[in-house]
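A.B. asks: One structure coming up, written as C-alpha cells, with questions to follow.
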Amino acid sequence: MTKLKINGETHTIDVDPDMPLLWAIRDIIGFTGTKFGCGKGFCGACMVLMNGNAVNSCQLPVSAVGDNELITVEGQTENLQLLQKSWAEHNVPQCGFCQSGQLITATALLNGNSNPSDEDINNAMVRNICRCGTYPRIKKAINHSVELKNKG
Amino acid sequence: MKNVKNVSRRSFLKGLGLASGGLIIASGTTLFIGCEPKEVVEFNPNLFVQLNSDGNLILVASRSEMGQGVRTSLTSVIADEMEADWDRVSIKQAVGDVKYGDQNTDGSKSVRLLYEEMRKIGAATKAVLIAAAAKKWEVPASELKAENHFVISNSGKKIGFGELVEIAKTIEVPKDVVLKDPKDFKFIGKYLPSKDVENLSNGSAVFGLDKRLDNMKFAAIKRCPVTFGTVKSFDKTEALKIAGVIDVVEIPRVEKPFGPLGGVAVVATNTWAAFKGKEALKVEWDFGANANYDTEEYMKQITANVQKKGKVAKTVGNVDSAFKSATKTIESTYQLPHLVHTPMEVPNAVVWVQENTCEVWAPTQEPQRTRTEVSAFLETDEKNVTVNVTFLGGGFGRKSKPDYVVEAAAVSKAINAPVQVVWSREDDIQHGYYHTIAAQYMKGSLDKDGKVTGWLHRFALPSIASTFAPGTVDPAPFEAASATNVPFEIPNMQVETGEAPAHVRIGWMRSVINIPHGFAINVFADELANEAGVDPLEFRLNLIGSDRIEDTKNEYKYDTARLKHVLKQAAKNADWGKKLPEGHAMGLAVHYSFLSYVASVVEVSVVNNKVKVHNIHSVIDCGLAVNKNTITAQMEGAAIFGMSLAFYGKITAKDGAIEQTNFGDYQMLRMPQAPNIHIEIVENNEKPTGVGEPGVPVIAPAIVNAIFKATGNRYRTLPLKDYKLV
Ligand code: FES
Ligand code: FES
C-alpha cells in the first residue's frame with residue numbers, strides 16, 4: 001500500500017511501487033488535470049508540485065514520494081490561483097493541454113522567487129513544451145501575476 | 001434545504017442530458033438559488049440554439065475545439081445576431097452527425113463556411129423572440145427591438161428572453177431574416193475571450209485522454225516499425241506477467257486511408273501497465289514493401305528527379321527562351337524533410353462496443369468520418385454509433401484521421417469492455433501520417449535591368465493522394481496550386497512536377513503543401529533580389545506587380561493589392577530598413593494560403609554561428625476578423641510552429657523505420673527561443689477566410705532570408721539544427 005498526500009487529502013492505493021506518480025494520479029486516483037505528454041521527462045505536461053517544487057510526475061515512482069505534499073492543477077494554493085486568474089486575463093490557453101504543466105511550473109517559480117526576471121522565467125519555463133505556441137502569453141501572464149503579487 | 005434542492009435540480013438537468021459529459025459549462029447558472037425548482041421549458045428553434053425559460057442559452061458548436069477557439073467564435077456569431085447576453089451562453093459540443101452539416105474541422109474553414117449560416121440562425125431566433133413579445137403585448141413587431149437578452153418596446157417595456165420561451169414555441173421560425181449592420185456587432189470583430197479559458201486552466205476540461213468510464217480498460221498497441229508491415233506471430237507470455245495486464249489481442253490491419261495499421265494490443269487496468277506490457281511483448285513482423293525506405297537515399301532520388309524536366313502543371317510564355325536570352329540565370333535546389341504533427345495530446349480514444357450499439361469519446365477533428373469508419377469496421381449501421389467529441393489537445397491535421405478510433409473499436413470489441421487506446425509519444429512520432437518530404441528546383445532569369453524574365457519551379461514530393469490511392473506518384477492538383485498560383489508578374493513561368501512514390505502514410509499537417517512551396521518561392525525570390533542587387537521588399541513588391549484579381553476559380557478573389565498590403569504593413573511595423581545592432585538582420589516572406597494573405601518580417605541575429613530570432617512581425621488579411629483574440633493567438637502560435645519546423649523539424653527513416661522517438665530527438669521550440677511576436681490584423685469587411693494555418697508558411701523562409709542578410713550564407717535545406725545554427 002502506498003499513501004499519497006494530494007491536494008490536502010491522503011489517498012491509499014495499491015500499486016506497483018515503480019508506477020510513475022503520473023499514472024497513479026490519473027488512472028488510479030482519477031485526477032485527470034495532470035497530463036501525459038511524453039512519459040520521458042521532456043515536455044512538462046505532467047508537472048505537479050511536491051513541497052512547492054515542480055516535478056515531472058512521469059519520472060517519479062510513487063515509492064519515491066513518501067510523505068511529501070503533492071499539489072496538482074486541481075489543487076488550491078495561492079500562487080497557482082493567482083496565475084490561473086492571469087491566465088484568464090491574458091487568454092493564454094489554446095488547446096489547453098499543456099497548461100496544467102505550465103501553471104504548475106510557473107507556480108513553483110513564484111513560490112521560490114517573488115520577482116523573477118525575464119531570464120528567470122525562461123530558465124524555469126524551459127521545461128514545458130507548448131505545441132500551440134502560447135509562450136508569449138504565458139510570459140505576459142506570469143509577469144502580470146508578479147505585478148499583482150507585488151502590489152499586495 | 002438549498003443544497004437538497006440543488007442536487008435534485010442537477011439530476012433533473014442530467015435527465016435532459018445537459019449536466020453530463022463534461023463539455024457543458026454551466027456559466028452564469030443561477031437557476032438553483034432560492035425558490036422552488038420550476039420546470040425549465042426549452043425553446044429549440046433549430047439544431048444550434050436552445051433557449052431555456054430561465055434565460056440560459058445553450059449554443060451548439062459543431063466543429064471540434066483544438067485550440068483555435070472555434071467553440072467561442074462560432075457561437076459568438078449566433079449570440080451577436082440574437083442580441084444575447086454572452087454571460088448567459090454556454091456551449092454544447094455536437095456529436096458527429098450529418099444533421100449538423102459538414103463537421104470536418106480542418107483546412108482553416110470553419111468560420112469561413114459557417115459564418116453566414118450562424119448569423120442567420122441567430123437572426124432568425126431573434127426575430128421569433130421579437131414576434132413573441134409582439135404577440136404578448138399586442139403591439140407591432142416593428143416597435144420592438146432586442147438588446148442584451150431582452151426584448152424592449154419603444155414605450156420602454158422590457159421582457160427577458162427566457163420569459164418569451166412559451167410563446168416563442170408557438171411561432172414559426174422565419175426563413176428570410178434581416179442581418180445586423182456590421183457596425184452594430186457586439187462580439188464579432190472584437191477581442192472576445194474564449195468561453196473555455198477557465199476549464200482549460202484548472203484541469204477540468206475533458207480531453208479524450210481524460211475520459212473515464214466504469215470498468216474501462218487501457219490499451220497500448222505495438223505496431224510494425226515499417227509502415228504497412230504485418231504481424232507474423234507474437235508471444236504474449238512476458239507481457240501477461242506484468243502486473244495489471246489483462247489480455248493481449250491482435251488488431252487487424254484495415255487497408256483503408258484511415259484504417260488502423262494493425263498490430264498487437266496489450267490491455268491492462270492502467271496505462272502504465274499497458275505500456276510496460278507492450279515493451280515486454282515479442283512480435284515477429286513481416287516488414288513488407290517499405291522495409292528499405294531510407295530518407296537520405298530517397299532525398300537523393302527525388303532531388304535527381306527535379307534536375308530533369310517533369311510534367312508541366314502550368315506554363316506562361318516560354319521559360320526556355322527566356323533563360324536563353326537572359327543576362328543572368330540562377331538555379332537553386334531546396335530540400336525539406338518529413339515532419340509530423342505531435343499534438344500535445346497523443347492520439348487516443350475511448351470506445352465501448354456493446355451488443356447493438358457503440359459509443360465513442362474521441363479527440364477528433366472529423367466526427368462524421370469517425371462515425372463512418374467505426375460503423376464500417378463494426379459492420380453496423382451508422383445510427384448505432386455515437387461519436388462524442390471531447391476537447392482536443394491539439395490536432396494540426398493528425399486528428400482528422402480516425403485510425404486510432406477504429407483501433408479502440410477493435411480492442412473494445414475483442415475484449416467486450418470499454419477501452420481507452422493510448423498512443424505513447426513514440427507511437428505518435430513513429431506511426432503517424434507524415435508531412436511530405438520535398439525536393440524543389442528553381443531557376444530564374446534576369447535581364448540587363450535586373451527584371452525577372454523567367455521563373456521555373458519544379459518539385460517532387462510524395463503526395464497525400466497516395467494515402468487514398470496507393471501507388472500514386474504524382475501530386476494532386478491541390479498540391480500544385482500553391483506553386484501555380486504564385487502571383488508574380490513574370491512574362492515566362494513554368495511549374496513542373498516530378499515523380500515521388502510514398503513509403504509512409506502521407507497526411508496533411510497544418511499549412512500542408514504551403515510549407516514547402518512557401519519556402520522555395522520566398523527564398524528563391526530573395527535570391528533573385530540579391531542577384532539583381534535590389535532591396536528584397538522593393539523587389540518583391542515589383543514581382544507581385546500591378547493591382548489585379550488573379551483567377552482563383554472560386555468566389556474568393558485573389559487580390560494582389562491585398563497581398564502587397566500585408567507585406568507593406570509587416571515591413572512598416574518592423575521598421576524595415578532601420579539600422580540594426582551588429583550581427584542583426586531582417587528577412588521577409590509573403591504567402592497566400594487558405595484564402596488569406598500573410599506576410600512576416602523577422603529579425604534575427606547570428607552570433608558565433610548561433611541564430612536567435614528576436615522579433616516577428618506578422619500581418620494577416622483574413623477578411624472580416626470574427627474574433628481578434630483567437631486570430632492573434634493563432635498567428636502567434638503559427639509563428640512558433642513555423643520556428644519549430646525551421647529550427648528542428650526532421651523525421652528520417654532508415655530500413656523502413658522512423659528514427660526519431662520522442663521530444664528529445666524531435667524537438668519543439670521552447671520559451672527561451674520564443675521571440676517577441678507582433679500581430680496585425682487587417683481591417684476589412686471582406687468574407688472571412690482561413691486563420692489557423694496561413695500564418696505558418698512564411699516563417700521558415702523569412703528566417704532563412706534574414707540569416708542570409710546577416711551572414712551571407714544561404715540555407716536551402718531545413719532544419720537549421722543540421723547546420724548547428726541552433
Ligand atoms: S509527460 Fe512527463 S515530462 Fe512529458
Ligand atoms: S495550449 Fe496547446 S499545447 Fe499548449
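Starting from 1 in every chain, residues are counted up; chains themselves are A, B, ... following the order of the C-alpha cells, and ligands are numbered from 1 as listed.
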Return as a ChimeraX atom specification the residues belonging to chain B that are within 8 Å of chain A, counting only C-alpha atoms.

C.D. replies: /B:65-69,193-194,197-198,200-205,207,210,243,270-272,342-346,391-394,424-426,629,633,636-641,662-664,668-672,674-677

A.B. asks: Would you return as a VMD selection string the members of segment 494-698 of chain B that DSSP assigns to helix (DSSP H, G or I) on this structure's backbone?

C.D. replies: chain B and resid 514 to 532 536 to 544 560 to 574 628 to 647 671 to 673

A.B. asks: Identify, on the basis of only C-alpha atoms, every residue whose closest approach to Gln93 of chain B does not exceed 7 Å; exclude the query and any residue fewer than 4 positions from it along the same chain; express the result as a ChimeraX atom specification.

C.D. replies: /B:23,60-62,389

A.B. asks: Those same residues - all heavy atoms - I'd like them written as a PDB file, in the first residue's frame.

C.D. replies:
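Result went into out.pdb, see below:
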```
ATOM      1  N   LEU B  23     -18.646  18.566 -21.155  1.00  0.00           N
ATOM      2  CA  LEU B  23     -18.409  19.611 -22.145  1.00  0.00           C
ATOM      3  C   LEU B  23     -19.366  20.783 -21.954  1.00  0.00           C
ATOM      4  O   LEU B  23     -19.263  21.781 -22.626  1.00  0.00           O
ATOM      5  CB  LEU B  23     -18.556  19.058 -23.557  1.00  0.00           C
ATOM      6  CG  LEU B  23     -17.347  18.265 -24.032  1.00  0.00           C
ATOM      7  CD1 LEU B  23     -17.631  17.626 -25.368  1.00  0.00           C
ATOM      8  CD2 LEU B  23     -16.120  19.155 -24.115  1.00  0.00           C
ATOM      9  N   VAL B  60     -24.782  25.410 -29.749  1.00  0.00           N
ATOM     10  CA  VAL B  60     -24.061  24.209 -30.144  1.00  0.00           C
ATOM     11  C   VAL B  60     -22.880  24.577 -31.049  1.00  0.00           C
ATOM     12  O   VAL B  60     -23.021  25.362 -31.985  1.00  0.00           O
ATOM     13  CB  VAL B  60     -25.006  23.230 -30.868  1.00  0.00           C
ATOM     14  CG1 VAL B  60     -24.238  22.075 -31.502  1.00  0.00           C
ATOM     15  CG2 VAL B  60     -26.049  22.701 -29.883  1.00  0.00           C
ATOM     16  N   ALA B  61     -21.734  23.997 -30.722  1.00  0.00           N
ATOM     17  CA  ALA B  61     -20.564  24.119 -31.596  1.00  0.00           C
ATOM     18  C   ALA B  61     -20.457  22.810 -32.374  1.00  0.00           C
ATOM     19  O   ALA B  61     -20.349  21.743 -31.781  1.00  0.00           O
ATOM     20  CB  ALA B  61     -19.308  24.362 -30.777  1.00  0.00           C
ATOM     21  N   SER B  62     -20.505  22.902 -33.680  1.00  0.00           N
ATOM     22  CA  SER B  62     -20.488  21.685 -34.496  1.00  0.00           C
ATOM     23  C   SER B  62     -19.069  21.309 -34.906  1.00  0.00           C
ATOM     24  O   SER B  62     -18.834  20.214 -35.388  1.00  0.00           O
ATOM     25  CB  SER B  62     -21.340  21.893 -35.747  1.00  0.00           C
ATOM     26  OG  SER B  62     -20.838  22.972 -36.506  1.00  0.00           O
ATOM     27  N   VAL B 389     -17.495  14.200 -29.126  1.00  0.00           N
ATOM     28  CA  VAL B 389     -16.239  14.896 -29.389  1.00  0.00           C
ATOM     29  C   VAL B 389     -15.752  15.559 -28.104  1.00  0.00           C
ATOM     30  O   VAL B 389     -16.441  16.412 -27.541  1.00  0.00           O
ATOM     31  CB  VAL B 389     -16.414  15.946 -30.499  1.00  0.00           C
ATOM     32  CG1 VAL B 389     -15.095  16.647 -30.787  1.00  0.00           C
ATOM     33  CG2 VAL B 389     -16.960  15.281 -31.764  1.00  0.00           C
TER      34      VAL B 389
END
```

A.B. asks: Looking only at strand (DSSP E) from DSSP on the backbone, list the matching residues of segment 429-569 of chain B as a VMD selection string.

C.D. replies: chain B and resid 438 to 446 452 to 460 492 to 497 549 to 550 558 to 559

A.B. asks: As a PDB file with N, CA, C and O atoms, in the first residue's frame, please: the residues near segment 287-297 of chain B (cut-off 7 Å, only C-alpha atoms, same-chain neighbours under 3 positions excluded).

C.D. replies:
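Once everything was written out, this is result26.pdb:
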```pdb
ATOM      1  N   VAL B 226       7.894  -0.768 -39.644  1.00  0.00           N
ATOM      2  CA  VAL B 226       7.810  -0.378 -41.054  1.00  0.00           C
ATOM      3  C   VAL B 226       6.339  -0.192 -41.425  1.00  0.00           C
ATOM      4  O   VAL B 226       5.511  -1.049 -41.107  1.00  0.00           O
ATOM      5  N   THR B 227       6.052   0.910 -42.105  1.00  0.00           N
ATOM      6  CA  THR B 227       4.671   1.187 -42.475  1.00  0.00           C
ATOM      7  C   THR B 227       4.097   0.053 -43.320  1.00  0.00           C
ATOM      8  O   THR B 227       4.710  -0.357 -44.308  1.00  0.00           O
ATOM      9  N   PHE B 228       2.946  -0.390 -42.929  1.00  0.00           N
ATOM     10  CA  PHE B 228       2.180  -1.461 -43.598  1.00  0.00           C
ATOM     11  C   PHE B 228       2.795  -2.853 -43.433  1.00  0.00           C
ATOM     12  O   PHE B 228       2.361  -3.798 -44.101  1.00  0.00           O
ATOM     13  N   GLY B 229       3.803  -2.982 -42.576  1.00  0.00           N
ATOM     14  CA  GLY B 229       4.274  -4.323 -42.235  1.00  0.00           C
ATOM     15  C   GLY B 229       3.190  -5.036 -41.423  1.00  0.00           C
ATOM     16  O   GLY B 229       2.321  -4.384 -40.834  1.00  0.00           O
ATOM     17  N   THR B 230       3.257  -6.340 -41.363  1.00  0.00           N
ATOM     18  CA  THR B 230       2.185  -7.082 -40.687  1.00  0.00           C
ATOM     19  C   THR B 230       2.748  -8.036 -39.625  1.00  0.00           C
ATOM     20  O   THR B 230       3.940  -8.347 -39.619  1.00  0.00           O
ATOM     21  N   LYS B 300      17.975  11.899 -52.255  1.00  0.00           N
ATOM     22  CA  LYS B 300      18.852  11.945 -53.447  1.00  0.00           C
ATOM     23  C   LYS B 300      18.042  11.652 -54.708  1.00  0.00           C
ATOM     24  O   LYS B 300      18.196  12.313 -55.733  1.00  0.00           O
ATOM     25  N   GLN B 301      17.175  10.643 -54.573  1.00  0.00           N
ATOM     26  CA  GLN B 301      16.372  10.232 -55.721  1.00  0.00           C
ATOM     27  C   GLN B 301      15.417  11.347 -56.187  1.00  0.00           C
ATOM     28  O   GLN B 301      15.374  11.663 -57.376  1.00  0.00           O
ATOM     29  N   HIS B 503       6.417   5.953 -49.194  1.00  0.00           N
ATOM     30  CA  HIS B 503       6.762   4.748 -48.419  1.00  0.00           C
ATOM     31  C   HIS B 503       6.308   4.818 -46.974  1.00  0.00           C
ATOM     32  O   HIS B 503       6.638   3.949 -46.169  1.00  0.00           O
ATOM     33  N   THR B 652      13.239  11.236 -40.076  1.00  0.00           N
ATOM     34  CA  THR B 652      14.008  10.432 -41.029  1.00  0.00           C
ATOM     35  C   THR B 652      13.616   8.962 -40.877  1.00  0.00           C
ATOM     36  O   THR B 652      13.179   8.539 -39.802  1.00  0.00           O
ATOM     37  N   ALA B 653      13.803   8.218 -41.972  1.00  0.00           N
ATOM     38  CA  ALA B 653      13.543   6.776 -41.926  1.00  0.00           C
ATOM     39  C   ALA B 653      14.800   6.042 -42.356  1.00  0.00           C
ATOM     40  O   ALA B 653      15.554   6.511 -43.218  1.00  0.00           O
ATOM     41  N   LYS B 654      15.050   4.930 -41.701  1.00  0.00           N
ATOM     42  CA  LYS B 654      16.172   4.059 -42.046  1.00  0.00           C
ATOM     43  C   LYS B 654      15.648   2.624 -41.977  1.00  0.00           C
ATOM     44  O   LYS B 654      14.940   2.290 -41.021  1.00  0.00           O
ATOM     45  N   ASP B 655      15.983   1.822 -42.955  1.00  0.00           N
ATOM     46  CA  ASP B 655      15.448   0.446 -43.021  1.00  0.00           C
ATOM     47  C   ASP B 655      13.937   0.434 -42.781  1.00  0.00           C
ATOM     48  O   ASP B 655      13.405  -0.432 -42.085  1.00  0.00           O
ATOM     49  N   GLY B 656      13.288   1.423 -43.324  1.00  0.00           N
ATOM     50  CA  GLY B 656      11.830   1.461 -43.262  1.00  0.00           C
ATOM     51  C   GLY B 656      11.243   2.016 -41.985  1.00  0.00           C
ATOM     52  O   GLY B 656      10.040   2.278 -41.921  1.00  0.00           O
TER      53      GLY B 656
END
```

A.B. asks: So how many Å separate atom CA of Ala408 of chain B and atom CA of Val267 of chain B, to one decimal?

C.D. replies: 10.8 Å

A.B. asks: Could you list, as a PyMOL selection string, every residue within 9 Å of Gln307 of chain B, counting only C-alpha atoms and ignoring same-chain residues fewer than 2 positions away?

C.D. replies: chain B and resi 302-305+309-310+333+440-441+458
